[in-house]
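Structure file upload.csv (CSV, C-alpha atoms) is printed below.
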```csv
chain,number,residue,atom,x,y,z
A,1,MET,CA,3.1,11.8,-9.8
A,2,LEU,CA,5.2,12.4,-6.7
A,3,GLY,CA,6.7,15.8,-6.8
A,4,ASP,CA,10.1,17.1,-5.9
A,5,GLN,CA,8.8,18.3,-2.6
A,6,VAL,CA,8.4,14.6,-1.7
A,7,THR,CA,11.3,12.9,-3.5
A,8,GLY,CA,13.9,15.7,-3.1
A,9,PRO,CA,14.2,15.5,0.7
A,10,LEU,CA,14.5,11.7,0.4
A,11,GLY,CA,17.5,12.1,-1.9
A,12,LEU,CA,15.8,10.5,-4.9
A,13,VAL,CA,17.0,11.4,-8.4
A,14,VAL,CA,14.7,11.0,-11.4
A,15,THR,CA,16.0,8.2,-13.7
A,16,THR,CA,12.9,8.0,-16.0
A,17,PRO,CA,10.8,11.1,-16.2
A,18,PRO,CA,7.0,10.7,-16.2
A,19,THR,CA,6.1,8.5,-19.1
A,20,ALA,CA,2.6,7.9,-20.3
A,21,GLY,CA,1.4,4.4,-21.0
A,22,VAL,CA,-0.4,1.4,-19.4
A,23,ARG,CA,1.8,-1.3,-17.9
A,24,ASP,CA,1.3,-4.4,-15.7
A,25,LEU,CA,0.1,-3.6,-12.2
A,26,VAL,CA,1.2,-7.0,-10.9
A,27,ARG,CA,3.7,-9.7,-12.1
A,28,CYS,CA,0.9,-12.0,-13.3
A,29,PRO,CA,-1.4,-9.6,-15.1
A,30,ASP,CA,-3.3,-12.4,-16.9
A,31,ALA,CA,-4.6,-13.5,-13.5
A,32,LEU,CA,-6.4,-10.1,-13.0
A,33,PRO,CA,-10.0,-10.1,-14.2
A,34,SER,CA,-9.5,-6.3,-14.8
A,35,GLU,CA,-6.5,-6.8,-17.0
A,36,GLY,CA,-6.8,-4.6,-20.1
A,37,ARG,CA,-9.3,-2.2,-18.5
A,38,ALA,CA,-6.8,0.5,-17.7
A,39,VAL,CA,-7.3,3.3,-20.1
A,40,ALA,CA,-4.4,5.6,-19.1
A,41,GLY,CA,-1.3,5.2,-17.1
A,42,LYS,CA,1.9,7.1,-16.1
A,43,THR,CA,5.2,5.9,-14.7
A,44,THR,CA,8.1,7.7,-13.1
A,45,GLU,CA,11.3,6.1,-11.7
A,46,TRP,CA,13.9,7.4,-9.3
A,47,THR,CA,17.1,6.1,-7.8
A,48,TRP,CA,18.6,6.7,-4.3
A,49,ARG,CA,22.3,6.3,-3.8
A,50,GLY,CA,23.8,6.1,-0.4
A,51,ALA,CA,27.3,7.3,0.5
A,52,ASP,CA,28.2,3.7,1.1
A,53,GLY,CA,27.3,2.7,-2.4
A,54,ARG,CA,23.9,1.2,-1.7
A,55,VAL,CA,21.3,1.8,-4.4
A,56,VAL,CA,17.5,1.8,-4.1
A,57,GLU,CA,15.2,2.0,-7.1
A,58,VAL,CA,11.7,3.5,-6.7
A,59,ARG,CA,8.9,3.4,-9.2
A,60,GLN,CA,5.5,5.0,-9.2
A,61,TYR,CA,2.8,3.8,-11.5
A,62,THR,CA,-0.7,5.4,-11.6
A,63,ALA,CA,-3.5,4.1,-13.8
A,64,VAL,CA,-7.1,5.0,-14.5
A,65,TYR,CA,-9.5,2.2,-15.1
A,66,GLN,CA,-12.7,2.1,-17.0
A,67,GLY,CA,-15.7,-0.1,-16.0
A,68,VAL,CA,-14.1,-1.3,-12.8
A,69,SER,CA,-13.4,0.6,-9.6
A,70,GLY,CA,-9.9,1.1,-8.2
A,71,ARG,CA,-11.1,-0.8,-5.1
A,72,GLU,CA,-11.9,-3.8,-7.2
A,73,VAL,CA,-8.6,-3.7,-9.0
A,74,ALA,CA,-6.7,-3.5,-5.7
A,75,LYS,CA,-8.8,-6.4,-4.3
A,76,GLU,CA,-7.9,-8.5,-7.4
A,77,ALA,CA,-4.2,-7.5,-7.2
A,78,ARG,CA,-4.1,-8.5,-3.5
A,79,ALA,CA,-5.7,-11.9,-4.4
A,80,VAL,CA,-3.1,-12.7,-7.1
A,81,SER,CA,-0.1,-10.9,-5.6
A,82,THR,CA,1.7,-14.2,-4.9
A,83,CYS,CA,0.8,-15.8,-8.2
A,84,HIS,CA,4.4,-15.6,-9.5
A,85,GLN,CA,6.0,-16.8,-6.2
A,86,ALA,CA,8.8,-19.3,-6.8
A,87,ALA,CA,10.1,-21.9,-4.4
A,88,ASP,CA,13.1,-19.6,-3.6
A,89,GLU,CA,11.0,-16.5,-2.7
A,90,THR,CA,9.3,-15.5,0.5
A,91,TYR,CA,6.3,-13.2,0.5
A,92,TYR,CA,5.3,-11.0,3.6
A,93,SER,CA,3.6,-7.9,4.7
A,94,ASN,CA,5.8,-5.3,6.1
A,95,GLY,CA,3.2,-3.3,8.0
A,96,GLY,CA,3.8,0.0,9.7
A,97,LEU,CA,2.2,2.2,7.1
A,98,PRO,CA,0.5,5.4,8.1
A,99,SER,CA,-3.3,5.4,8.3
A,100,THR,CA,-5.2,6.3,5.1
A,101,LYS,CA,-8.7,5.4,6.4
A,102,LYS,CA,-11.6,7.4,4.9
A,103,PHE,CA,-9.2,8.9,2.4
A,104,VAL,CA,-8.7,5.9,0.1
A,105,ASP,CA,-11.1,3.1,-0.9
A,106,ASP,CA,-8.5,0.3,-0.5
A,107,ARG,CA,-4.8,-0.3,0.0
A,108,PHE,CA,-2.4,-3.1,0.6
A,109,GLU,CA,1.3,-3.5,0.8
A,110,TYR,CA,3.6,-6.5,0.5
A,111,CYS,CA,7.3,-7.4,0.1
A,112,GLU,CA,9.0,-10.2,-1.7
A,113,ARG,CA,12.5,-11.5,-0.9
A,114,GLN,CA,14.7,-14.0,-2.7
A,115,LEU,CA,15.6,-16.7,-0.2
A,116,ALA,CA,18.8,-17.5,-2.0
A,117,ASP,CA,19.8,-13.9,-2.0
A,118,LYS,CA,18.3,-12.2,1.1
A,119,HIS,CA,19.7,-8.9,-0.2
A,120,ASP,CA,17.2,-8.7,-3.0
A,121,THR,CA,13.9,-7.3,-1.7
A,122,LEU,CA,11.0,-5.7,-3.6
A,123,CYS,CA,8.3,-3.9,-1.6
A,124,SER,CA,5.1,-2.4,-3.1
A,125,VAL,CA,2.1,-0.4,-1.8
A,126,LEU,CA,-1.1,0.0,-3.8
A,127,LEU,CA,-3.7,2.6,-3.0
A,128,ALA,CA,-7.1,3.0,-4.8
A,129,LYS,CA,-9.6,5.8,-4.9
A,130,GLY,CA,-12.5,5.9,-7.4
A,131,ASP,CA,-11.3,4.6,-10.7
A,132,VAL,CA,-7.6,5.3,-10.0
A,133,VAL,CA,-4.9,2.9,-8.6
A,134,THR,CA,-1.4,4.1,-7.8
A,135,ALA,CA,1.5,1.9,-6.8
A,136,VAL,CA,4.9,2.6,-5.5
A,137,THR,CA,7.6,-0.1,-5.6
A,138,ILE,CA,10.9,0.0,-3.9
A,139,HIS,CA,13.7,-2.4,-5.0
A,140,ARG,CA,16.7,-2.9,-2.7
A,141,THR,CA,19.6,-5.2,-3.5
A,142,ASP,CA,21.6,-5.1,-0.3
A,143,ASP,CA,20.9,-6.0,3.3
A,144,GLY,CA,22.3,-2.9,4.9
A,145,ASP,CA,20.7,-0.6,7.4
A,146,TYR,CA,17.3,0.3,5.9
A,147,THR,CA,16.5,3.1,8.4
A,148,SER,CA,18.4,5.6,6.3
A,149,VAL,CA,16.9,4.6,2.9
A,150,PRO,CA,13.5,5.5,1.3
A,151,GLN,CA,10.7,3.2,2.6
A,152,LEU,CA,7.1,2.8,1.6
A,153,LYS,CA,5.9,4.7,4.6
A,154,ASP,CA,7.7,7.8,3.3
A,155,PHE,CA,5.4,7.9,0.3
A,156,VAL,CA,1.9,7.0,1.7
A,157,PRO,CA,0.9,10.5,2.9
A,158,ALA,CA,1.8,12.1,-0.5
A,159,LEU,CA,0.1,9.3,-2.4
A,160,THR,CA,-3.1,9.6,-0.3
A,161,ASP,CA,-3.0,13.4,-0.9
A,162,GLN,CA,-2.8,12.8,-4.7
A,163,LEU,CA,-5.7,10.4,-4.7
A,164,PHE,CA,-7.8,12.6,-2.4
A,165,ALA,CA,-7.2,15.8,-4.4
```
When written as C-alpha coordinates, how does the structure in this file appear?
Amino acid sequence: MLGDQVTGPLGLVVTTPPTAGVRDLVRCPDALPSEGRAVAGKTTEWTWRGADGRVVEVRQYTAVYQGVSGREVAKEARAVSTCHQAADETYYSNGGLPSTKKFVDDRFEYCERQLADKHDTLCSVLLAKGDVVTAVTIHRTDDGDYTSVPQLKDFVPALTDQLFA
(Lines of atoms letter the chains of each structure in order from A and count residues from 1; the text may use other names and numbers.)
(Lines give C-alpha, C1' and ligand atoms only; values in the text may rest on other atoms or scores of the structure.)
Protein backbone atom coordinates (compact mmCIF):
# COMPACT_ATOMS: atom_id res chain seq x y z
CA MET A 1 0.00 0.00 0.00
CA LEU A 2 1.07 3.58 -0.50
CA GLY A 3 3.29 4.67 2.35
CA ASP A 4 3.49 7.86 4.36
CA GLN A 5 6.38 9.04 2.17
CA VAL A 6 3.87 9.31 -0.71
CA THR A 7 0.66 10.26 1.08
CA GLY A 8 2.12 12.58 3.73
CA PRO A 9 3.50 15.25 1.38
CA LEU A 10 0.12 15.26 -0.41
CA GLY A 11 -1.66 16.05 2.85
CA LEU A 12 -3.58 12.77 2.98
CA VAL A 13 -4.78 11.44 6.33
CA VAL A 14 -5.64 7.75 6.76
CA THR A 15 -9.37 7.28 7.34
CA THR A 16 -9.39 3.48 6.96
CA PRO A 17 -6.12 1.69 7.73
CA PRO A 18 -5.03 -1.21 5.52
CA THR A 19 -7.82 -3.76 5.63
CA ALA A 20 -7.53 -7.26 4.19
CA GLY A 21 -10.31 -8.61 2.01
CA VAL A 22 -11.36 -8.97 -1.61
CA ARG A 23 -13.71 -6.30 -2.96
CA ASP A 24 -15.17 -5.31 -6.32
CA LEU A 25 -12.64 -3.91 -8.77
CA VAL A 26 -15.28 -2.22 -10.93
CA ARG A 27 -18.87 -1.12 -10.37
CA CYS A 28 -20.29 -4.04 -12.40
CA PRO A 29 -18.24 -6.97 -11.09
CA ASP A 30 -20.57 -9.57 -12.57
CA ALA A 31 -19.53 -8.36 -16.03
CA LEU A 32 -15.91 -9.42 -15.39
CA PRO A 33 -15.06 -12.96 -16.51
CA SER A 34 -12.37 -12.94 -13.79
CA GLU A 35 -14.90 -12.10 -11.03
CA GLY A 36 -14.30 -14.34 -8.03
CA ARG A 37 -10.70 -15.15 -8.99
CA ALA A 38 -9.04 -12.67 -6.63
CA VAL A 39 -7.55 -14.68 -3.78
CA ALA A 40 -6.33 -11.80 -1.63
CA GLY A 41 -6.88 -8.08 -1.42
CA LYS A 42 -6.13 -5.06 0.72
CA THR A 43 -7.73 -1.61 0.85
CA THR A 44 -6.62 1.68 2.43
CA GLU A 45 -8.53 4.97 2.36
CA TRP A 46 -7.33 8.52 2.92
CA THR A 47 -8.93 11.96 3.04
CA TRP A 48 -7.51 15.29 1.92
CA ARG A 49 -9.03 18.47 3.35
CA GLY A 50 -8.27 21.85 1.87
CA ALA A 51 -8.12 25.05 3.88
CA ASP A 52 -11.18 26.19 1.92
CA GLY A 53 -13.23 23.19 3.11
CA ARG A 54 -12.86 21.04 0.01
CA VAL A 55 -12.62 17.29 0.64
CA VAL A 56 -11.08 14.65 -1.61
CA GLU A 57 -11.35 10.93 -0.80
CA VAL A 58 -8.63 8.55 -2.02
CA ARG A 59 -8.80 4.74 -1.97
CA GLN A 60 -6.17 2.17 -2.96
CA TYR A 61 -7.18 -1.43 -3.54
CA THR A 62 -4.64 -4.10 -4.45
CA ALA A 63 -5.62 -7.66 -5.34
CA VAL A 64 -3.82 -10.87 -6.22
CA TYR A 65 -5.51 -13.09 -8.80
CA GLN A 66 -5.28 -16.84 -9.32
CA GLY A 67 -5.50 -18.46 -12.74
CA VAL A 68 -5.69 -15.14 -14.60
CA SER A 69 -3.07 -12.49 -15.22
CA GLY A 70 -3.35 -8.95 -13.95
CA ARG A 71 -3.10 -7.83 -17.58
CA GLU A 72 -6.21 -9.86 -18.45
CA VAL A 73 -8.09 -8.49 -15.43
CA ALA A 74 -7.17 -4.92 -16.44
CA LYS A 75 -8.27 -5.64 -20.02
CA GLU A 76 -11.62 -6.96 -18.76
CA ALA A 77 -12.06 -3.99 -16.42
CA ARG A 78 -11.36 -1.56 -19.29
CA ALA A 79 -13.95 -3.32 -21.46
CA VAL A 80 -16.71 -3.06 -18.82
CA SER A 81 -15.72 0.22 -17.17
CA THR A 82 -18.81 2.00 -18.53
CA CYS A 83 -21.22 -0.87 -17.77
CA HIS A 84 -22.95 1.07 -14.99
CA GLN A 85 -23.11 4.36 -16.87
CA ALA A 86 -26.44 6.09 -16.41
CA ALA A 87 -27.99 8.69 -18.69
CA ASP A 88 -26.87 11.45 -16.33
CA GLU A 89 -23.18 10.45 -16.30
CA THR A 90 -20.30 11.22 -18.60
CA TYR A 91 -17.27 8.97 -18.93
CA TYR A 92 -13.90 10.23 -20.12
CA SER A 93 -10.16 9.63 -20.01
CA ASN A 94 -8.21 12.27 -18.18
CA GLY A 95 -4.81 11.51 -19.72
CA GLY A 96 -1.57 13.06 -18.60
CA LEU A 97 -0.32 10.18 -16.47
CA PRO A 98 3.43 9.55 -16.22
CA SER A 99 4.83 6.77 -18.39
CA THR A 100 4.95 3.25 -16.94
CA LYS A 101 6.04 1.41 -20.09
CA LYS A 102 8.11 -1.72 -19.52
CA PHE A 103 7.43 -1.58 -15.78
CA VAL A 104 3.77 -2.67 -15.75
CA ASP A 105 1.91 -5.14 -17.97
CA ASP A 106 -1.15 -2.93 -18.48
CA ARG A 107 -2.80 0.20 -17.17
CA PHE A 108 -5.73 2.45 -17.83
CA GLU A 109 -7.43 5.39 -16.24
CA TYR A 110 -10.84 6.95 -16.52
CA CYS A 111 -13.12 9.48 -14.88
CA GLU A 112 -16.86 9.63 -14.35
CA ARG A 113 -18.81 12.82 -13.80
CA GLN A 114 -22.44 13.29 -12.89
CA LEU A 115 -23.93 15.59 -15.54
CA ALA A 116 -26.56 16.87 -13.16
CA ASP A 117 -23.91 17.68 -10.57
CA LYS A 118 -20.66 18.57 -12.31
CA HIS A 119 -19.00 18.79 -8.92
CA ASP A 120 -19.16 15.02 -8.35
CA THR A 121 -16.19 13.39 -10.10
CA LEU A 122 -14.66 9.95 -9.61
CA CYS A 123 -11.32 9.15 -11.29
CA SER A 124 -9.51 5.80 -11.19
CA VAL A 125 -6.26 4.31 -12.44
CA LEU A 126 -5.60 0.56 -12.64
CA LEU A 127 -2.12 -0.90 -13.05
CA ALA A 128 -1.33 -4.60 -13.54
CA LYS A 129 1.85 -6.61 -13.17
CA GLY A 130 1.98 -10.40 -13.08
CA ASP A 131 -1.02 -11.62 -11.08
CA VAL A 132 -1.49 -8.30 -9.20
CA VAL A 133 -3.82 -5.41 -9.96
CA THR A 134 -3.75 -2.19 -7.99
CA ALA A 135 -6.27 0.61 -8.32
CA VAL A 136 -6.39 4.12 -6.92
CA THR A 137 -9.67 6.02 -6.98
CA ILE A 138 -10.07 9.72 -6.23
CA HIS A 139 -13.52 11.10 -5.43
CA ARG A 140 -14.06 14.87 -5.58
CA THR A 141 -17.33 16.55 -4.74
CA ASP A 142 -16.63 20.14 -5.73
CA ASP A 143 -15.60 21.99 -8.87
CA GLY A 144 -12.81 24.05 -7.35
CA ASP A 145 -9.23 24.45 -8.46
CA TYR A 146 -7.90 20.92 -8.81
CA THR A 147 -4.27 21.89 -9.28
CA SER A 148 -3.82 21.98 -5.51
CA VAL A 149 -5.56 18.68 -4.68
CA PRO A 150 -4.22 15.11 -5.01
CA GLN A 151 -4.49 13.79 -8.59
CA LEU A 152 -3.99 10.35 -10.13
CA LYS A 153 -0.66 11.38 -11.62
CA ASP A 154 0.65 11.94 -8.09
CA PHE A 155 0.34 8.22 -7.33
CA VAL A 156 1.42 6.46 -10.55
CA PRO A 157 5.20 6.47 -9.92
CA ALA A 158 4.77 5.00 -6.41
CA LEU A 159 2.24 2.42 -7.64
CA THR A 160 4.61 1.41 -10.44
CA ASP A 161 7.45 1.04 -7.92
CA GLN A 162 5.25 -1.18 -5.75
CA LEU A 163 4.35 -3.47 -8.64
CA PHE A 164 7.91 -3.62 -9.96
CA ALA A 165 9.50 -4.36 -6.58
Between A:Leu2, A:Val68, A:Ile138, A:Val58, single out the one closest to Glu112 in chain A, counting only C-alpha atoms.
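Of the candidates, the smallest distance to Glu112 in chain A is held by A:Ile138.
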What does the distance between CA of Glu45 in chain A and CA of Leu126 in chain A come to in Å, to one decimal place?
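Taking CA of Glu45 in chain A as the start and CA of Leu126 in chain A as the end point, the length is 15.9 Å.
Here CA of Glu57 in chain A and CA of His139 in chain A stand 5.1 Å from one another.
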Between CA of Tyr110 in chain A and CA of Asp131 in chain A, measure the distance and give it in Å to one decimal.
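CA of Tyr110 in chain A sits 21.7 Å away from CA of Asp131 in chain A.
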Restricting the calculation to only C-alpha atoms, which member of A:Val149, A:Met1, A:Ala77, A:Val104 is positioned closest to Gly53 in chain A?
A:Val149
Please complete range 120-145 of chain A with N, CA and C atoms and give it back as an mmCIF file, in the frame of the given file.
```
data_model
loop_
_atom_site.group_PDB
_atom_site.id
_atom_site.type_symbol
_atom_site.label_atom_id
_atom_site.label_comp_id
_atom_site.auth_asym_id
_atom_site.auth_seq_id
_atom_site.Cartn_x
_atom_site.Cartn_y
_atom_site.Cartn_z
ATOM 1 N N ASP A 120 18.063 -9.158 -1.959
ATOM 2 C CA ASP A 120 17.200 -8.700 -3.000
ATOM 3 C C ASP A 120 15.753 -8.656 -2.534
ATOM 4 N N THR A 121 15.262 -7.439 -2.263
ATOM 5 C CA THR A 121 13.900 -7.300 -1.700
ATOM 6 C C THR A 121 13.149 -6.257 -2.549
ATOM 7 N N LEU A 122 11.892 -6.580 -2.821
ATOM 8 C CA LEU A 122 11.000 -5.700 -3.600
ATOM 9 C C LEU A 122 9.757 -5.499 -2.739
ATOM 10 N N CYS A 123 9.452 -4.249 -2.400
ATOM 11 C CA CYS A 123 8.300 -3.900 -1.600
ATOM 12 C C CYS A 123 7.370 -2.993 -2.398
ATOM 13 N N SER A 124 6.057 -3.209 -2.305
ATOM 14 C CA SER A 124 5.100 -2.400 -3.100
ATOM 15 C C SER A 124 3.929 -2.006 -2.162
ATOM 16 N N VAL A 125 3.347 -0.860 -2.447
ATOM 17 C CA VAL A 125 2.100 -0.400 -1.800
ATOM 18 C C VAL A 125 1.175 0.009 -2.961
ATOM 19 N N LEU A 126 -0.088 -0.419 -2.892
ATOM 20 C CA LEU A 126 -1.100 0.000 -3.800
ATOM 21 C C LEU A 126 -2.202 0.714 -3.087
ATOM 22 N N LEU A 127 -2.622 1.854 -3.609
ATOM 23 C CA LEU A 127 -3.700 2.600 -3.000
ATOM 24 C C LEU A 127 -4.737 2.869 -4.149
ATOM 25 N N ALA A 128 -6.029 2.794 -3.803
ATOM 26 C CA ALA A 128 -7.100 3.000 -4.800
ATOM 27 C C ALA A 128 -8.092 4.007 -4.293
ATOM 28 N N LYS A 129 -8.563 4.820 -5.223
ATOM 29 C CA LYS A 129 -9.600 5.800 -4.900
ATOM 30 C C LYS A 129 -10.377 6.017 -6.236
ATOM 31 N N GLY A 130 -11.691 5.790 -6.191
ATOM 32 C CA GLY A 130 -12.500 5.900 -7.400
ATOM 33 C C GLY A 130 -12.047 4.957 -8.463
ATOM 34 N N ASP A 131 -11.707 5.474 -9.639
ATOM 35 C CA ASP A 131 -11.300 4.600 -10.700
ATOM 36 C C ASP A 131 -9.738 4.634 -10.914
ATOM 37 N N VAL A 132 -9.017 5.132 -9.897
ATOM 38 C CA VAL A 132 -7.600 5.300 -10.000
ATOM 39 C C VAL A 132 -6.865 4.349 -9.004
ATOM 40 N N VAL A 133 -5.779 3.756 -9.485
ATOM 41 C CA VAL A 133 -4.900 2.900 -8.600
ATOM 42 C C VAL A 133 -3.486 3.494 -8.805
ATOM 43 N N THR A 134 -2.821 3.711 -7.697
ATOM 44 C CA THR A 134 -1.400 4.100 -7.800
ATOM 45 C C THR A 134 -0.586 3.149 -6.962
ATOM 46 N N ALA A 135 0.576 2.840 -7.479
ATOM 47 C CA ALA A 135 1.500 1.900 -6.800
ATOM 48 C C ALA A 135 2.875 2.451 -6.769
ATOM 49 N N VAL A 136 3.517 2.250 -5.629
ATOM 50 C CA VAL A 136 4.900 2.600 -5.500
ATOM 51 C C VAL A 136 5.660 1.306 -5.139
ATOM 52 N N THR A 137 6.733 1.047 -5.858
ATOM 53 C CA THR A 137 7.600 -0.100 -5.600
ATOM 54 C C THR A 137 8.977 0.304 -5.325
ATOM 55 N N ILE A 138 9.546 -0.313 -4.297
ATOM 56 C CA ILE A 138 10.900 0.000 -3.900
ATOM 57 C C ILE A 138 11.713 -1.330 -4.048
ATOM 58 N N HIS A 139 12.825 -1.252 -4.767
ATOM 59 C CA HIS A 139 13.700 -2.400 -5.000
ATOM 60 C C HIS A 139 15.036 -2.171 -4.335
ATOM 61 N N ARG A 140 15.379 -3.033 -3.383
ATOM 62 C CA ARG A 140 16.700 -2.900 -2.700
ATOM 63 C C ARG A 140 17.471 -4.191 -3.016
ATOM 64 N N THR A 141 18.760 -4.004 -3.195
ATOM 65 C CA THR A 141 19.600 -5.200 -3.500
ATOM 66 C C THR A 141 20.734 -5.358 -2.544
ATOM 67 N N ASP A 142 20.555 -4.872 -1.317
ATOM 68 C CA ASP A 142 21.600 -5.100 -0.300
ATOM 69 C C ASP A 142 20.850 -5.305 1.043
ATOM 70 N N ASP A 143 21.533 -5.767 2.027
ATOM 71 C CA ASP A 143 20.900 -6.000 3.300
ATOM 72 C C ASP A 143 21.456 -5.087 4.385
ATOM 73 N N GLY A 144 21.734 -3.860 3.974
ATOM 74 C CA GLY A 144 22.300 -2.900 4.900
ATOM 75 C C GLY A 144 21.222 -2.310 5.823
ATOM 76 N N ASP A 145 21.572 -1.252 6.487
ATOM 77 C CA ASP A 145 20.700 -0.600 7.400
ATOM 78 C C ASP A 145 19.614 0.172 6.582
#
```
